[in-house]
Amino acid sequence: MSAKVLGFVHTSATLVPLFQQLSNEFLQGIETFNIVDDSLIKDVIKKGKLMPNTAARVVSHIQAAETAGADVILVTCSSIGVAIETAATLATVPVIRVDQAMADEAVQISSKIGVIATLPTTLEPTSDLVRRRAELAGKNATITSKLCEGAFEALMSGDSAKHDEMVAKALKELMKDVDVIVLAQASMARVVDGLSDEEKLVPILASPAIAVKKLAELYF
């Protein structure tokens, strides 16, 4: 029996090593491959939302991953969430949003959920997903969304220290109002690692590790 294959679809090349590391940790013996197209996220940011032609490209990348032999496909960007769900209905293999397992975990922890992002285009889809997963679980969730204005721009211009500082400050403010925080972007996870245990007043969930662990549990 040949090894099972996990196909990743990314909108940023920076996520490739992160998910490779997680695969090595939780999915030993599984083959992986990556499809990366950062024009997708650039287009979403430029237009301020996911446009139909961009969504169609997302779907075609996911179909390409299936054609390439993926047994399961994980899409690692929250901004294109709606297109991922459309693609899932057209695929014969499981197509998973990176943030779904995280949303489910948050809903189980508490009904007072904070969602934090550095991009408005990820804040809305992630908040929407958490809302829908709460409904599905029969829970009444109150979602507080917080945008770290300017942090993404700082990161893109190479000032990661400024990005981290802004995200850390926003996290500390949000912790006062909620019982659990969901990070809308994988790129924010390292900021959480930089906080001391005393500073982490509530659980802060990042999607990559939660998603890969869930895949290991369900499919591999």
# chains A, B, ... in the order shown; residues from 1 in each chain; ligands from 1
$ closest_atom_pairs --of "region 65-94 of chain A" --to "region 111-121 of chain A" --cutoff "9 Å" --atoms "only C-alpha atoms" --output "JSON lines"
{"residue": "A:Ser78", "atom": "CA", "partner": "A:Thr121", "partner_atom": "CA", "distance": 8.5}
{"residue": "A:Ser79", "atom": "CA", "partner": "A:Thr121", "partner_atom": "CA", "distance": 5.6}
{"residue": "A:Ile80", "atom": "CA", "partner": "A:Thr121", "partner_atom": "CA", "distance": 8.8}
$ write_last_selection --atoms "N, CA, C and O atoms" --output "compact mmCIF listing (two decimals), in the first residue's frame"
# COMPACT_ATOMS: atom_id res chain seq x y z
N SER A 78 -7.24 31.76 5.30
CA SER A 78 -8.61 32.02 5.74
C SER A 78 -9.37 32.99 4.83
O SER A 78 -10.59 32.94 4.76
N SER A 79 -8.64 33.87 4.16
CA SER A 79 -9.31 34.88 3.32
C SER A 79 -10.10 34.28 2.17
O SER A 79 -11.01 34.90 1.64
N ILE A 80 -9.72 33.05 1.77
CA ILE A 80 -10.39 32.44 0.61
C ILE A 80 -11.34 31.32 1.05
O ILE A 80 -11.72 30.45 0.27
$ select_by_dssp --residues "region 1-207 of chain A" --states "strand (DSSP E or B)" --output "PyMOL selection string"
chain A and resi 5-10+31-36+72-75+95-97+112-117+142-147+180-183+204-205
$ select_by_dssp --residues "region 14-213 of chain A" --states "helix (DSSP H, G or I)" --output "JSON, numbers by chain"
{"A": [15, 16, 17, 18, 19, 20, 21, 22, 23, 24, 25, 26, 39, 40, 41, 42, 43, 44, 45, 46, 47, 52, 53, 54, 55, 56, 57, 58, 59, 60, 61, 62, 63, 64, 65, 66, 67, 81, 82, 83, 84, 85, 86, 87, 88, 89, 90, 100, 101, 102, 103, 104, 105, 106, 107, 108, 109, 120, 121, 122, 123, 124, 125, 126, 127, 128, 129, 130, 131, 132, 133, 134, 135, 136, 151, 152, 153, 154, 155, 156, 160, 161, 162, 163, 164, 165, 166, 167, 168, 169, 170, 171, 172, 173, 174, 175, 186, 187, 188, 189, 190, 191, 192, 193, 207, 208, 209, 210, 211, 212, 213]}
$ closest_residue --among "A:Ala216, A:Ala211, A:Ala103, A:Leu205" --to "Leu74 (chain A)" --atoms "only C-alpha atoms"
A:Ala211
$ residues_around --residues "region 181-193 of chain A" --least-positions-apart "5" --cutoff "9 Å" --atoms "only C-alpha atoms" --output "VMD selection string"
chain A and resid 14 to 15 76 to 79 99 102 to 103 106 112 to 119 122 to 123 125 to 127 130 163 to 165 167 to 168 171 174 to 175 200 202 to 208
$ residues_around --residues "Asp43 (chain A)" --least-positions-apart "3" --cutoff "12 Å" --atoms "only C-alpha atoms" --output "VMD selection string"
chain A and resid 11 37 to 40 46 to 55 57 to 58 79 to 80 121
$ write_last_selection --atoms "all heavy atoms" --output "compact mmCIF listing (two decimals), in the first residue's frame"
# COMPACT_ATOMS: atom_id res chain seq x y z
N THR A 11 -1.47 30.52 0.02
CA THR A 11 -1.41 31.82 -0.67
C THR A 11 -0.17 32.58 -0.24
O THR A 11 -0.04 33.76 -0.52
CB THR A 11 -2.66 32.67 -0.38
OG1 THR A 11 -2.73 32.89 1.03
CG2 THR A 11 -3.93 31.98 -0.85
N ASP A 37 0.25 30.04 -4.53
CA ASP A 37 -0.07 31.14 -5.45
C ASP A 37 -0.36 32.39 -4.62
O ASP A 37 -1.47 32.57 -4.12
CB ASP A 37 -1.28 30.77 -6.31
CG ASP A 37 -1.66 31.88 -7.30
OD1 ASP A 37 -1.01 32.95 -7.27
OD2 ASP A 37 -2.59 31.69 -8.09
N ASP A 38 0.65 33.24 -4.45
CA ASP A 38 0.44 34.43 -3.61
C ASP A 38 -0.31 35.54 -4.34
O ASP A 38 -0.68 36.54 -3.74
CB ASP A 38 1.75 34.93 -2.99
CG ASP A 38 2.79 35.34 -4.02
OD1 ASP A 38 2.51 35.24 -5.23
OD2 ASP A 38 3.89 35.75 -3.61
N SER A 39 -0.57 35.36 -5.63
CA SER A 39 -1.38 36.36 -6.34
C SER A 39 -2.82 36.34 -5.81
O SER A 39 -3.53 37.33 -5.88
CB SER A 39 -1.38 36.10 -7.85
OG SER A 39 -2.21 34.99 -8.18
N LEU A 40 -3.24 35.21 -5.26
CA LEU A 40 -4.61 35.09 -4.73
C LEU A 40 -4.82 36.07 -3.57
O LEU A 40 -5.75 36.86 -3.59
CB LEU A 40 -4.88 33.66 -4.24
CG LEU A 40 -4.88 32.55 -5.29
CD1 LEU A 40 -4.89 31.18 -4.62
CD2 LEU A 40 -6.07 32.68 -6.23
N LYS A 46 -6.03 43.68 -2.46
CA LYS A 46 -6.21 44.82 -3.36
C LYS A 46 -7.69 45.17 -3.53
O LYS A 46 -8.09 46.33 -3.47
CB LYS A 46 -5.61 44.47 -4.73
CG LYS A 46 -5.18 45.70 -5.54
CD LYS A 46 -4.61 45.28 -6.90
CE LYS A 46 -3.27 44.57 -6.75
NZ LYS A 46 -2.81 43.93 -8.01
N LYS A 47 -8.53 44.13 -3.72
CA LYS A 47 -9.95 44.37 -3.98
C LYS A 47 -10.74 44.52 -2.66
O LYS A 47 -11.91 44.89 -2.69
CB LYS A 47 -10.54 43.21 -4.79
CG LYS A 47 -9.75 42.86 -6.07
CD LYS A 47 -10.18 43.72 -7.24
CE LYS A 47 -9.31 43.59 -8.48
NZ LYS A 47 -8.86 42.27 -8.87
N GLY A 48 -10.12 44.13 -1.56
CA GLY A 48 -10.82 44.23 -0.28
C GLY A 48 -11.77 43.09 0.00
O GLY A 48 -12.41 43.03 1.05
N LYS A 49 -11.90 42.19 -0.96
CA LYS A 49 -12.74 41.00 -0.73
C LYS A 49 -12.42 39.94 -1.78
O LYS A 49 -11.68 40.21 -2.73
CB LYS A 49 -14.22 41.36 -0.78
CG LYS A 49 -14.71 41.93 -2.09
CD LYS A 49 -16.23 42.15 -2.02
CE LYS A 49 -16.76 42.49 -3.40
NZ LYS A 49 -17.71 43.55 -3.45
N LEU A 50 -12.95 38.76 -1.59
CA LEU A 50 -12.72 37.66 -2.53
C LEU A 50 -13.63 37.85 -3.73
O LEU A 50 -14.84 37.79 -3.62
CB LEU A 50 -13.01 36.32 -1.82
CG LEU A 50 -12.83 35.06 -2.66
CD1 LEU A 50 -11.39 34.86 -3.09
CD2 LEU A 50 -13.30 33.83 -1.89
N MET A 51 -13.03 38.11 -4.91
CA MET A 51 -13.81 38.31 -6.13
C MET A 51 -14.09 36.97 -6.80
O MET A 51 -13.31 36.02 -6.65
CB MET A 51 -13.03 39.22 -7.10
CG MET A 51 -12.67 40.58 -6.52
SD MET A 51 -14.10 41.55 -6.00
CE MET A 51 -14.56 42.28 -7.57
N PRO A 52 -15.18 36.88 -7.61
CA PRO A 52 -15.52 35.61 -8.25
C PRO A 52 -14.39 35.00 -9.08
O PRO A 52 -14.16 33.79 -9.00
CB PRO A 52 -16.71 35.97 -9.14
CG PRO A 52 -17.34 37.15 -8.47
CD PRO A 52 -16.22 37.91 -7.83
N ASN A 53 -13.65 35.83 -9.83
CA ASN A 53 -12.58 35.24 -10.65
C ASN A 53 -11.43 34.71 -9.80
O ASN A 53 -10.79 33.72 -10.16
CB ASN A 53 -12.09 36.23 -11.73
CG ASN A 53 -11.57 37.52 -11.13
OD1 ASN A 53 -11.78 37.80 -9.96
ND2 ASN A 53 -10.89 38.32 -11.93
N THR A 54 -11.19 35.35 -8.65
CA THR A 54 -10.15 34.85 -7.73
C THR A 54 -10.63 33.54 -7.11
O THR A 54 -9.86 32.57 -7.00
CB THR A 54 -9.87 35.87 -6.61
OG1 THR A 54 -9.67 37.16 -7.22
CG2 THR A 54 -8.64 35.51 -5.82
N ALA A 55 -11.89 33.50 -6.72
CA ALA A 55 -12.47 32.28 -6.14
C ALA A 55 -12.37 31.12 -7.14
O ALA A 55 -12.05 30.00 -6.77
CB ALA A 55 -13.93 32.53 -5.75
N ARG A 57 -10.09 30.71 -9.37
CA ARG A 57 -8.70 30.25 -9.40
C ARG A 57 -8.39 29.36 -8.20
O ARG A 57 -7.67 28.38 -8.30
CB ARG A 57 -7.71 31.43 -9.45
CG ARG A 57 -7.79 32.19 -10.76
CD ARG A 57 -6.45 32.81 -11.15
NE ARG A 57 -5.66 33.32 -10.03
CZ ARG A 57 -5.67 34.57 -9.60
NH1 ARG A 57 -6.40 35.43 -10.15
NH2 ARG A 57 -4.92 34.96 -8.60
N VAL A 58 -8.96 29.73 -7.05
CA VAL A 58 -8.79 28.90 -5.84
C VAL A 58 -9.32 27.49 -6.14
O VAL A 58 -8.65 26.49 -5.87
CB VAL A 58 -9.55 29.50 -4.63
CG1 VAL A 58 -9.50 28.54 -3.44
CG2 VAL A 58 -8.97 30.86 -4.25
N SER A 79 -8.64 33.87 4.16
CA SER A 79 -9.31 34.88 3.32
C SER A 79 -10.10 34.28 2.17
O SER A 79 -11.01 34.90 1.64
CB SER A 79 -8.29 35.86 2.74
OG SER A 79 -7.77 36.69 3.73
N ILE A 80 -9.72 33.05 1.77
CA ILE A 80 -10.39 32.44 0.61
C ILE A 80 -11.34 31.32 1.05
O ILE A 80 -11.72 30.45 0.27
CB ILE A 80 -9.35 31.90 -0.41
CG1 ILE A 80 -8.37 30.93 0.28
CG2 ILE A 80 -8.58 33.06 -1.05
CD1 ILE A 80 -7.41 30.23 -0.67
N THR A 121 -9.69 41.35 5.44
CA THR A 121 -10.16 40.26 4.56
C THR A 121 -10.08 38.89 5.21
O THR A 121 -10.69 37.94 4.73
CB THR A 121 -9.33 40.23 3.26
OG1 THR A 121 -7.94 40.25 3.59
CG2 THR A 121 -9.65 41.40 2.37
$ closest_residue --among "A:Lys4, A:Lys139, A:Lys162, A:His10" --to "Arg97 (chain A)" --atoms "only C-alpha atoms"
A:His10
$ closest_residue --among "A:Gly158, A:His61, A:Gln100, A:Tyr219" --to "Val5 (chain A)" --atoms "only C-alpha atoms"
A:Tyr219
